[in-house]
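Listing of work12.txt; format and content: compact mmCIF, N, CA and C atoms.
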# COMPACT_ATOMS: atom_id res chain seq x y z
N MET X 1 -3.19 -3.86 0.47
CA MET X 1 -2.15 -4.86 0.53
C MET X 1 -0.95 -4.34 -0.26
N VAL X 2 0.22 -4.53 0.27
CA VAL X 2 1.45 -4.11 -0.38
C VAL X 2 1.86 -5.17 -1.39
N GLU X 3 2.12 -4.73 -2.61
CA GLU X 3 2.54 -5.67 -3.64
C GLU X 3 4.06 -5.68 -3.69
N VAL X 4 4.63 -6.88 -3.78
CA VAL X 4 6.08 -7.05 -3.79
C VAL X 4 6.45 -7.94 -4.96
N SER X 5 7.60 -7.68 -5.55
CA SER X 5 8.09 -8.51 -6.63
C SER X 5 9.52 -8.94 -6.31
N LEU X 6 9.81 -10.21 -6.47
CA LEU X 6 11.17 -10.68 -6.28
C LEU X 6 12.04 -10.38 -7.49
N LEU X 7 11.44 -10.11 -8.63
CA LEU X 7 12.20 -9.89 -9.85
C LEU X 7 12.39 -8.42 -10.20
N TYR X 8 11.48 -7.57 -9.76
CA TYR X 8 11.56 -6.15 -10.10
C TYR X 8 11.40 -5.31 -8.84
N ALA X 9 12.26 -4.32 -8.69
CA ALA X 9 12.19 -3.43 -7.52
C ALA X 9 10.87 -2.68 -7.50
N ASP X 10 10.37 -2.34 -8.68
CA ASP X 10 9.10 -1.63 -8.80
C ASP X 10 8.01 -2.65 -9.15
N PRO X 11 7.12 -2.95 -8.22
CA PRO X 11 6.07 -3.95 -8.50
C PRO X 11 5.15 -3.56 -9.65
N ALA X 12 5.12 -2.28 -10.01
CA ALA X 12 4.26 -1.84 -11.11
C ALA X 12 4.98 -1.91 -12.46
N ASP X 13 6.18 -2.44 -12.50
CA ASP X 13 6.95 -2.54 -13.74
C ASP X 13 6.13 -3.30 -14.79
N PRO X 14 5.86 -2.68 -15.94
CA PRO X 14 5.01 -3.32 -16.95
C PRO X 14 5.61 -4.60 -17.54
N ARG X 15 6.91 -4.79 -17.41
CA ARG X 15 7.53 -6.00 -17.95
C ARG X 15 7.08 -7.26 -17.21
N ARG X 16 6.56 -7.08 -16.00
CA ARG X 16 6.12 -8.25 -15.22
C ARG X 16 5.05 -9.05 -15.96
N THR X 17 4.20 -8.36 -16.69
CA THR X 17 3.09 -9.05 -17.35
C THR X 17 3.17 -9.00 -18.88
N ALA X 18 4.18 -8.31 -19.40
CA ALA X 18 4.31 -8.20 -20.85
C ALA X 18 4.79 -9.53 -21.44
N ALA X 19 4.37 -9.77 -22.67
CA ALA X 19 4.83 -10.97 -23.36
C ALA X 19 6.33 -10.84 -23.64
N ALA X 20 7.01 -11.95 -23.59
CA ALA X 20 8.45 -11.95 -23.84
C ALA X 20 8.80 -13.08 -24.79
N GLU X 21 9.47 -12.73 -25.86
CA GLU X 21 9.90 -13.74 -26.82
C GLU X 21 11.38 -14.04 -26.62
N THR X 22 11.78 -15.18 -27.10
CA THR X 22 13.18 -15.56 -26.98
C THR X 22 14.05 -14.58 -27.76
N PRO X 23 15.01 -13.93 -27.08
CA PRO X 23 15.91 -13.02 -27.80
C PRO X 23 16.72 -13.79 -28.84
N PRO X 24 17.01 -13.17 -29.99
CA PRO X 24 17.71 -13.87 -31.07
C PRO X 24 19.08 -14.44 -30.65
N TYR X 25 19.78 -13.76 -29.78
CA TYR X 25 21.11 -14.22 -29.39
C TYR X 25 21.06 -15.46 -28.49
N PHE X 26 19.90 -15.77 -27.93
CA PHE X 26 19.80 -16.96 -27.09
C PHE X 26 20.14 -18.22 -27.89
N ILE X 27 19.70 -18.28 -29.13
CA ILE X 27 19.94 -19.45 -29.97
C ILE X 27 21.42 -19.55 -30.30
N ASP X 28 22.05 -18.42 -30.64
CA ASP X 28 23.48 -18.41 -30.96
C ASP X 28 24.33 -18.91 -29.81
N LEU X 29 23.93 -18.57 -28.59
CA LEU X 29 24.69 -18.95 -27.40
C LEU X 29 24.18 -20.23 -26.74
N ASN X 30 23.20 -20.87 -27.37
CA ASN X 30 22.56 -22.08 -26.83
C ASN X 30 21.87 -21.83 -25.49
N LEU X 31 21.54 -20.58 -25.22
CA LEU X 31 20.83 -20.26 -23.98
C LEU X 31 19.39 -20.76 -24.03
N ASP X 32 18.86 -20.91 -25.23
CA ASP X 32 17.50 -21.45 -25.36
C ASP X 32 17.43 -22.86 -24.79
N GLN X 33 18.49 -23.65 -24.96
CA GLN X 33 18.53 -25.00 -24.41
C GLN X 33 18.64 -24.97 -22.89
N VAL X 34 19.40 -24.02 -22.37
CA VAL X 34 19.54 -23.88 -20.92
C VAL X 34 18.18 -23.51 -20.31
N VAL X 35 17.51 -22.53 -20.92
CA VAL X 35 16.21 -22.10 -20.42
C VAL X 35 15.21 -23.25 -20.49
N ASP X 36 15.21 -23.99 -21.59
CA ASP X 36 14.29 -25.12 -21.72
C ASP X 36 14.52 -26.15 -20.62
N ALA X 37 15.78 -26.42 -20.29
CA ALA X 37 16.09 -27.39 -19.24
C ALA X 37 15.63 -26.90 -17.88
N VAL X 38 15.82 -25.61 -17.61
CA VAL X 38 15.40 -25.05 -16.32
C VAL X 38 13.89 -25.04 -16.20
N VAL X 39 13.21 -24.66 -17.27
CA VAL X 39 11.75 -24.57 -17.26
C VAL X 39 11.12 -25.95 -17.03
N LEU X 40 11.75 -27.00 -17.50
CA LEU X 40 11.23 -28.35 -17.29
C LEU X 40 11.17 -28.73 -15.82
N LEU X 41 12.02 -28.11 -15.00
CA LEU X 41 12.05 -28.44 -13.57
C LEU X 41 10.80 -27.94 -12.85
N ARG X 42 10.19 -26.87 -13.33
CA ARG X 42 8.99 -26.29 -12.71
C ARG X 42 7.97 -25.98 -13.80
N PRO X 43 7.30 -26.99 -14.34
CA PRO X 43 6.41 -26.78 -15.48
C PRO X 43 5.22 -25.86 -15.20
N GLY X 44 4.75 -25.79 -13.98
CA GLY X 44 3.56 -24.98 -13.69
C GLY X 44 3.85 -23.52 -13.43
N TYR X 45 5.08 -23.11 -13.52
CA TYR X 45 5.43 -21.75 -13.14
C TYR X 45 5.61 -20.77 -14.30
N ALA X 46 5.59 -21.21 -15.54
CA ALA X 46 5.76 -20.33 -16.71
C ALA X 46 7.01 -19.45 -16.56
N LEU X 47 8.15 -20.10 -16.42
CA LEU X 47 9.39 -19.38 -16.15
C LEU X 47 10.09 -18.82 -17.39
N ALA X 48 9.82 -19.35 -18.56
CA ALA X 48 10.55 -18.91 -19.76
C ALA X 48 10.53 -17.40 -19.95
N PRO X 49 9.38 -16.72 -19.82
CA PRO X 49 9.39 -15.27 -20.00
C PRO X 49 10.30 -14.53 -19.02
N VAL X 50 10.49 -15.09 -17.83
CA VAL X 50 11.38 -14.45 -16.85
C VAL X 50 12.79 -14.40 -17.40
N PHE X 51 13.22 -15.47 -18.04
CA PHE X 51 14.57 -15.51 -18.60
C PHE X 51 14.69 -14.69 -19.88
N HIS X 52 13.58 -14.52 -20.59
CA HIS X 52 13.62 -13.80 -21.86
C HIS X 52 13.56 -12.29 -21.71
N ARG X 53 13.08 -11.80 -20.60
CA ARG X 53 13.01 -10.35 -20.38
C ARG X 53 14.37 -9.84 -19.95
N THR X 54 14.89 -8.90 -20.70
CA THR X 54 16.22 -8.37 -20.40
C THR X 54 16.14 -7.22 -19.40
N LEU X 55 17.19 -7.06 -18.65
CA LEU X 55 17.31 -5.95 -17.70
C LEU X 55 18.14 -4.87 -18.37
N SER X 56 17.71 -3.61 -18.23
CA SER X 56 18.39 -2.53 -18.95
C SER X 56 19.17 -1.58 -18.05
N LYS X 57 19.02 -1.74 -16.75
CA LYS X 57 19.70 -0.82 -15.83
C LYS X 57 20.51 -1.61 -14.81
N VAL X 58 21.61 -1.04 -14.38
CA VAL X 58 22.46 -1.67 -13.38
C VAL X 58 21.69 -1.90 -12.09
N ASP X 59 20.85 -0.94 -11.72
CA ASP X 59 20.05 -1.08 -10.49
C ASP X 59 19.18 -2.34 -10.51
N GLU X 60 18.66 -2.69 -11.68
CA GLU X 60 17.82 -3.88 -11.80
C GLU X 60 18.62 -5.15 -11.54
N VAL X 61 19.84 -5.17 -12.07
CA VAL X 61 20.71 -6.33 -11.85
C VAL X 61 21.09 -6.44 -10.38
N VAL X 62 21.44 -5.30 -9.77
CA VAL X 62 21.81 -5.28 -8.35
C VAL X 62 20.64 -5.75 -7.49
N TYR X 63 19.42 -5.32 -7.82
CA TYR X 63 18.23 -5.74 -7.06
C TYR X 63 18.11 -7.26 -7.07
N ARG X 64 18.25 -7.87 -8.24
CA ARG X 64 18.12 -9.33 -8.32
C ARG X 64 19.26 -10.03 -7.58
N GLN X 65 20.45 -9.45 -7.66
CA GLN X 65 21.56 -10.04 -6.92
C GLN X 65 21.29 -10.01 -5.42
N GLU X 66 20.70 -8.93 -4.95
CA GLU X 66 20.37 -8.82 -3.52
C GLU X 66 19.30 -9.84 -3.13
N VAL X 67 18.31 -10.03 -4.00
CA VAL X 67 17.27 -11.02 -3.72
C VAL X 67 17.88 -12.41 -3.61
N PHE X 68 18.75 -12.75 -4.56
CA PHE X 68 19.36 -14.08 -4.52
C PHE X 68 20.32 -14.23 -3.35
N ALA X 69 20.97 -13.14 -2.95
CA ALA X 69 21.82 -13.19 -1.75
C ALA X 69 20.95 -13.47 -0.52
N ASP X 70 19.78 -12.86 -0.45
CA ASP X 70 18.86 -13.12 0.66
C ASP X 70 18.42 -14.58 0.67
N LEU X 71 18.23 -15.16 -0.52
CA LEU X 71 17.77 -16.54 -0.61
C LEU X 71 18.85 -17.55 -0.24
N GLU X 72 20.08 -17.08 -0.03
CA GLU X 72 21.13 -17.97 0.46
C GLU X 72 20.92 -18.32 1.92
N HIS X 73 20.11 -17.56 2.64
CA HIS X 73 19.77 -17.87 4.02
C HIS X 73 18.76 -19.01 4.02
N ALA X 74 19.16 -20.12 4.59
CA ALA X 74 18.36 -21.35 4.51
C ALA X 74 16.95 -21.17 5.05
N ALA X 75 16.81 -20.49 6.18
CA ALA X 75 15.48 -20.35 6.80
C ALA X 75 14.54 -19.56 5.89
N LEU X 76 15.04 -18.50 5.29
CA LEU X 76 14.21 -17.71 4.38
C LEU X 76 13.86 -18.50 3.14
N ARG X 77 14.84 -19.19 2.57
CA ARG X 77 14.59 -19.99 1.37
C ARG X 77 13.56 -21.08 1.65
N GLU X 78 13.67 -21.75 2.80
CA GLU X 78 12.72 -22.81 3.14
C GLU X 78 11.32 -22.25 3.33
N ALA X 79 11.23 -21.09 3.98
CA ALA X 79 9.91 -20.46 4.18
C ALA X 79 9.30 -20.07 2.84
N LEU X 80 10.10 -19.55 1.95
CA LEU X 80 9.60 -19.16 0.63
C LEU X 80 9.15 -20.38 -0.17
N CYS X 81 9.93 -21.45 -0.10
CA CYS X 81 9.55 -22.69 -0.80
C CYS X 81 8.26 -23.26 -0.23
N GLU X 82 8.12 -23.21 1.10
CA GLU X 82 6.90 -23.70 1.73
C GLU X 82 5.70 -22.86 1.29
N PHE X 83 5.87 -21.54 1.26
CA PHE X 83 4.78 -20.67 0.83
C PHE X 83 4.41 -20.96 -0.63
N ALA X 84 5.42 -21.13 -1.49
CA ALA X 84 5.16 -21.42 -2.91
C ALA X 84 4.40 -22.73 -3.05
N GLU X 85 4.74 -23.73 -2.25
CA GLU X 85 4.04 -25.01 -2.29
C GLU X 85 2.59 -24.85 -1.83
N ARG X 86 2.37 -24.07 -0.77
CA ARG X 86 1.00 -23.82 -0.30
C ARG X 86 0.19 -23.10 -1.37
N LEU X 87 0.81 -22.13 -2.01
CA LEU X 87 0.12 -21.39 -3.07
C LEU X 87 -0.21 -22.30 -4.24
N SER X 88 0.70 -23.19 -4.58
CA SER X 88 0.46 -24.14 -5.66
C SER X 88 -0.72 -25.07 -5.32
N ARG X 89 -0.77 -25.54 -4.08
CA ARG X 89 -1.90 -26.39 -3.66
C ARG X 89 -3.21 -25.61 -3.73
N ALA X 90 -3.17 -24.34 -3.32
CA ALA X 90 -4.38 -23.52 -3.37
C ALA X 90 -4.85 -23.32 -4.81
N ARG X 91 -3.92 -23.14 -5.73
CA ARG X 91 -4.29 -22.99 -7.14
C ARG X 91 -4.93 -24.27 -7.66
N ARG X 92 -4.34 -25.41 -7.30
CA ARG X 92 -4.93 -26.69 -7.74
C ARG X 92 -6.33 -26.85 -7.18
N SER X 93 -6.52 -26.48 -5.92
CA SER X 93 -7.86 -26.57 -5.31
C SER X 93 -8.83 -25.64 -6.02
N ALA X 94 -8.38 -24.43 -6.31
CA ALA X 94 -9.24 -23.46 -6.98
C ALA X 94 -9.63 -23.95 -8.38
N ASP X 95 -8.69 -24.59 -9.07
CA ASP X 95 -8.99 -25.12 -10.40
C ASP X 95 -10.04 -26.21 -10.34
N SER X 96 -10.05 -26.98 -9.27
CA SER X 96 -11.03 -28.08 -9.17
C SER X 96 -12.40 -27.59 -8.71
N LEU X 97 -12.51 -26.34 -8.29
CA LEU X 97 -13.80 -25.82 -7.82
C LEU X 97 -14.86 -25.79 -8.92
N GLU X 98 -14.42 -25.68 -10.16
CA GLU X 98 -15.36 -25.63 -11.27
C GLU X 98 -16.19 -26.90 -11.37
N ASN X 99 -15.65 -28.01 -10.88
CA ASN X 99 -16.34 -29.30 -10.99
C ASN X 99 -17.32 -29.55 -9.85
N ILE X 100 -17.37 -28.66 -8.87
CA ILE X 100 -18.27 -28.83 -7.73
C ILE X 100 -19.54 -28.03 -8.01
N HIS X 101 -20.67 -28.70 -7.96
CA HIS X 101 -21.93 -28.06 -8.34
C HIS X 101 -22.62 -27.34 -7.18
N SER X 102 -22.46 -27.83 -5.98
CA SER X 102 -23.11 -27.20 -4.82
C SER X 102 -22.38 -25.92 -4.43
N PRO X 103 -23.09 -24.77 -4.40
CA PRO X 103 -22.41 -23.51 -4.06
C PRO X 103 -21.81 -23.54 -2.65
N TRP X 104 -22.47 -24.20 -1.70
CA TRP X 104 -21.95 -24.25 -0.33
C TRP X 104 -20.69 -25.11 -0.26
N HIS X 105 -20.72 -26.20 -0.97
CA HIS X 105 -19.56 -27.08 -1.03
C HIS X 105 -18.38 -26.35 -1.68
N ARG X 106 -18.67 -25.62 -2.76
CA ARG X 106 -17.64 -24.86 -3.47
C ARG X 106 -17.04 -23.78 -2.57
N LYS X 107 -17.90 -23.08 -1.81
CA LYS X 107 -17.40 -22.05 -0.89
C LYS X 107 -16.55 -22.65 0.22
N GLY X 108 -16.94 -23.81 0.69
CA GLY X 108 -16.16 -24.49 1.72
C GLY X 108 -14.77 -24.86 1.23
N TRP X 109 -14.68 -25.39 0.01
CA TRP X 109 -13.38 -25.73 -0.56
C TRP X 109 -12.54 -24.49 -0.82
N PHE X 110 -13.20 -23.40 -1.21
CA PHE X 110 -12.47 -22.15 -1.42
C PHE X 110 -11.84 -21.68 -0.10
N LEU X 111 -12.61 -21.74 0.99
CA LEU X 111 -12.08 -21.35 2.30
C LEU X 111 -10.92 -22.25 2.71
N GLU X 112 -11.02 -23.53 2.42
CA GLU X 112 -9.92 -24.45 2.73
C GLU X 112 -8.66 -24.05 1.97
N ALA X 113 -8.81 -23.68 0.70
CA ALA X 113 -7.65 -23.28 -0.10
C ALA X 113 -7.02 -22.02 0.46
N VAL X 114 -7.83 -21.05 0.85
CA VAL X 114 -7.32 -19.80 1.41
C VAL X 114 -6.61 -20.06 2.73
N GLN X 115 -7.19 -20.90 3.57
CA GLN X 115 -6.59 -21.22 4.87
C GLN X 115 -5.23 -21.88 4.68
N GLY X 116 -5.06 -22.65 3.61
CA GLY X 116 -3.80 -23.34 3.36
C GLY X 116 -2.67 -22.41 2.99
N VAL X 117 -2.98 -21.23 2.49
CA VAL X 117 -1.95 -20.28 2.07
C VAL X 117 -1.63 -19.28 3.17
N ARG X 118 -2.55 -19.07 4.07
CA ARG X 118 -2.41 -18.04 5.09
C ARG X 118 -1.13 -18.22 5.90
N VAL X 119 -0.37 -17.15 6.02
CA VAL X 119 0.84 -17.14 6.82
C VAL X 119 0.83 -15.86 7.65
N ARG X 120 0.96 -16.02 8.97
CA ARG X 120 0.98 -14.85 9.84
C ARG X 120 2.20 -14.93 10.73
N ARG X 121 2.65 -13.79 11.21
CA ARG X 121 3.85 -13.74 12.05
C ARG X 121 3.64 -14.34 13.42
N ASP X 122 2.39 -14.48 13.87
CA ASP X 122 2.16 -15.01 15.21
C ASP X 122 2.20 -16.54 15.25
N GLY X 123 2.49 -17.15 14.10
CA GLY X 123 2.64 -18.60 14.09
C GLY X 123 1.42 -19.33 13.58
N ALA X 124 0.29 -18.69 13.49
CA ALA X 124 -0.92 -19.36 12.99
C ALA X 124 -0.80 -19.54 11.49
N GLY X 125 -0.86 -20.74 11.03
CA GLY X 125 -0.79 -21.01 9.60
C GLY X 125 0.63 -21.03 9.07
N GLY X 126 1.61 -20.89 9.92
CA GLY X 126 3.00 -20.89 9.47
C GLY X 126 3.77 -19.79 10.17
N THR X 127 5.05 -19.81 10.04
CA THR X 127 5.87 -18.78 10.67
C THR X 127 6.83 -18.20 9.66
N LEU X 128 7.23 -17.01 9.90
CA LEU X 128 8.23 -16.37 9.08
C LEU X 128 9.52 -16.32 9.90
N PRO X 129 10.62 -16.87 9.39
CA PRO X 129 11.83 -17.00 10.19
C PRO X 129 12.70 -15.75 10.18
N TRP X 130 12.19 -14.63 9.73
CA TRP X 130 12.98 -13.41 9.72
C TRP X 130 12.14 -12.28 10.28
N SER X 131 12.77 -11.18 10.58
CA SER X 131 12.02 -10.04 11.08
C SER X 131 12.14 -8.89 10.09
N PHE X 132 11.22 -7.97 10.15
CA PHE X 132 11.23 -6.83 9.24
C PHE X 132 11.84 -5.60 9.88
N SER X 133 12.44 -5.74 11.04
CA SER X 133 13.00 -4.56 11.70
C SER X 133 14.41 -4.27 11.25

Represent the structure contained in this file as structure tokens.
Amino acid sequence: MVEVSLLYADPADPRRTAAAETPPYFIDLNLDQVVDAVVLLRPGYALAPVFHRTLSKVDEVVYRQEVFADLEHAALREALCEFAERLSRARRSADSLENIHSPWHRKGWFLEAVQGVRVRRDGAGGTLPWSFS
């Protein structure tokens, strides 16, 4: 499976999983308050570290600008939001699996969660409104 990152051009970039603390200048510029307000909008996504990790190369900034330019296309943005919602539902289902004692029942719920996230280009389970050509 090909790994893709919307934040980093290189999916293997170690900053993706590294801990990130609030940079000292965030407080001086009141950026900590801005980040706190944004993070409150999506509490389950752990967004604060994304804002705290700094970019050190122009190419990294250009990559993110290109990603956000792509997200200006309504069809792509809607498809991405729909996928994120499906993934969120699957995570909630997976979290509740611990409370199910029957292994068959647990496997059935797991399959339901996976089916909810599945997206294929042929329209089964969802459609992608763009092409890769």

Quiz item: What residues in chain X get the DSSP label alpha helix (DSSP H)? Please answer as an MDAnalysis selection string.
Solution: chainID X and resid 24:28 31:41 48:52 58:70 74:96 103:117

Practice problem: Mind checking which residues fall within 12 Å of X:Ser96, counting only C-alpha atoms, ignoring those fewer than 4 positions away in the same chain, and posting them as a list of chain:residue names? | Solution: X:Arg89, X:Ala90, X:Arg91, X:Arg92, X:Ile100, X:His101, X:His105, X:Arg106, X:Trp109, X:Phe110, X:Ala113

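Non-sequential neighbours of X:Ala20 (distance at most 9 Å, separation of 6 or more positions within a chain, only C-alpha atoms) are X:Ala48, X:Pro49, X:Val50, X:Phe51, X:His52, X:Arg53.
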
Requested write-out: N, CA and C atoms of the selected residues, as an mmCIF file, in the frame of the given file:
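Once written, selection34.cif looks like this:
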data_model
loop_
_atom_site.group_PDB
_atom_site.id
_atom_site.type_symbol
_atom_site.label_atom_id
_atom_site.label_comp_id
_atom_site.auth_asym_id
_atom_site.auth_seq_id
_atom_site.Cartn_x
_atom_site.Cartn_y
_atom_site.Cartn_z
ATOM 1 N N ALA X 48 9.820 -19.350 -18.560
ATOM 2 C CA ALA X 48 10.550 -18.910 -19.760
ATOM 3 C C ALA X 48 10.530 -17.400 -19.950
ATOM 4 N N PRO X 49 9.380 -16.720 -19.820
ATOM 5 C CA PRO X 49 9.390 -15.270 -20.000
ATOM 6 C C PRO X 49 10.300 -14.530 -19.020
ATOM 7 N N VAL X 50 10.490 -15.090 -17.830
ATOM 8 C CA VAL X 50 11.380 -14.450 -16.850
ATOM 9 C C VAL X 50 12.790 -14.400 -17.400
ATOM 10 N N PHE X 51 13.220 -15.470 -18.040
ATOM 11 C CA PHE X 51 14.570 -15.510 -18.600
ATOM 12 C C PHE X 51 14.690 -14.690 -19.880
ATOM 13 N N HIS X 52 13.580 -14.520 -20.590
ATOM 14 C CA HIS X 52 13.620 -13.800 -21.860
ATOM 15 C C HIS X 52 13.560 -12.290 -21.710
ATOM 16 N N ARG X 53 13.080 -11.800 -20.600
ATOM 17 C CA ARG X 53 13.010 -10.350 -20.380
ATOM 18 C C ARG X 53 14.370 -9.840 -19.950
#

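Interatomic distance, atom CA of X:Leu80 against atom CA of X:Pro11: 18.1 Å.
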
Quiz item: So how many Å separate atom CA of X:Ala9 and atom C of X:Glu85, to one decimal?
Solution: 24.2 Å

Extending 6 Å beyond the listed atoms of stretch 57-68 of chain X on each side, what axis-aligned box results? I want centre and edge lengths in Å to one decimal, as lines of an AutoDock Vina configuration file.
center_x = 19.9
center_y = -7.5
center_z = -9.9
size_x = 17.2
size_y = 25.4
size_z = 25.6

Neighbours of stretch 54-63 of chain X within 7 Å (all atoms listed in the file; same-chain residues fewer than 4 positions away dropped), as a short mmCIF file (atom, residue, chain, number, x, y, z; two decimals) with N, CA and C atoms, in the frame of the given file?
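Listed below is the output, result-v8.cif:
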data_model
loop_
_atom_site.label_atom_id
_atom_site.label_comp_id
_atom_site.auth_asym_id
_atom_site.auth_seq_id
_atom_site.Cartn_x
_atom_site.Cartn_y
_atom_site.Cartn_z
N LEU X 6 9.81 -10.21 -6.47
CA LEU X 6 11.17 -10.68 -6.28
C LEU X 6 12.04 -10.38 -7.49
N LEU X 7 11.44 -10.11 -8.63
CA LEU X 7 12.20 -9.89 -9.85
C LEU X 7 12.39 -8.42 -10.20
N TYR X 8 11.48 -7.57 -9.76
CA TYR X 8 11.56 -6.15 -10.10
C TYR X 8 11.40 -5.31 -8.84
N ALA X 9 12.26 -4.32 -8.69
CA ALA X 9 12.19 -3.43 -7.52
C ALA X 9 10.87 -2.68 -7.50
N VAL X 50 10.49 -15.09 -17.83
CA VAL X 50 11.38 -14.45 -16.85
C VAL X 50 12.79 -14.40 -17.40
N VAL X 67 18.31 -10.03 -4.00
CA VAL X 67 17.27 -11.02 -3.72
C VAL X 67 17.88 -12.41 -3.61
N PHE X 68 18.75 -12.75 -4.56
CA PHE X 68 19.36 -14.08 -4.52
C PHE X 68 20.32 -14.23 -3.35
#

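The space between atom N of X:Glu112 and atom C of X:Tyr45 spans 23.7 Å.
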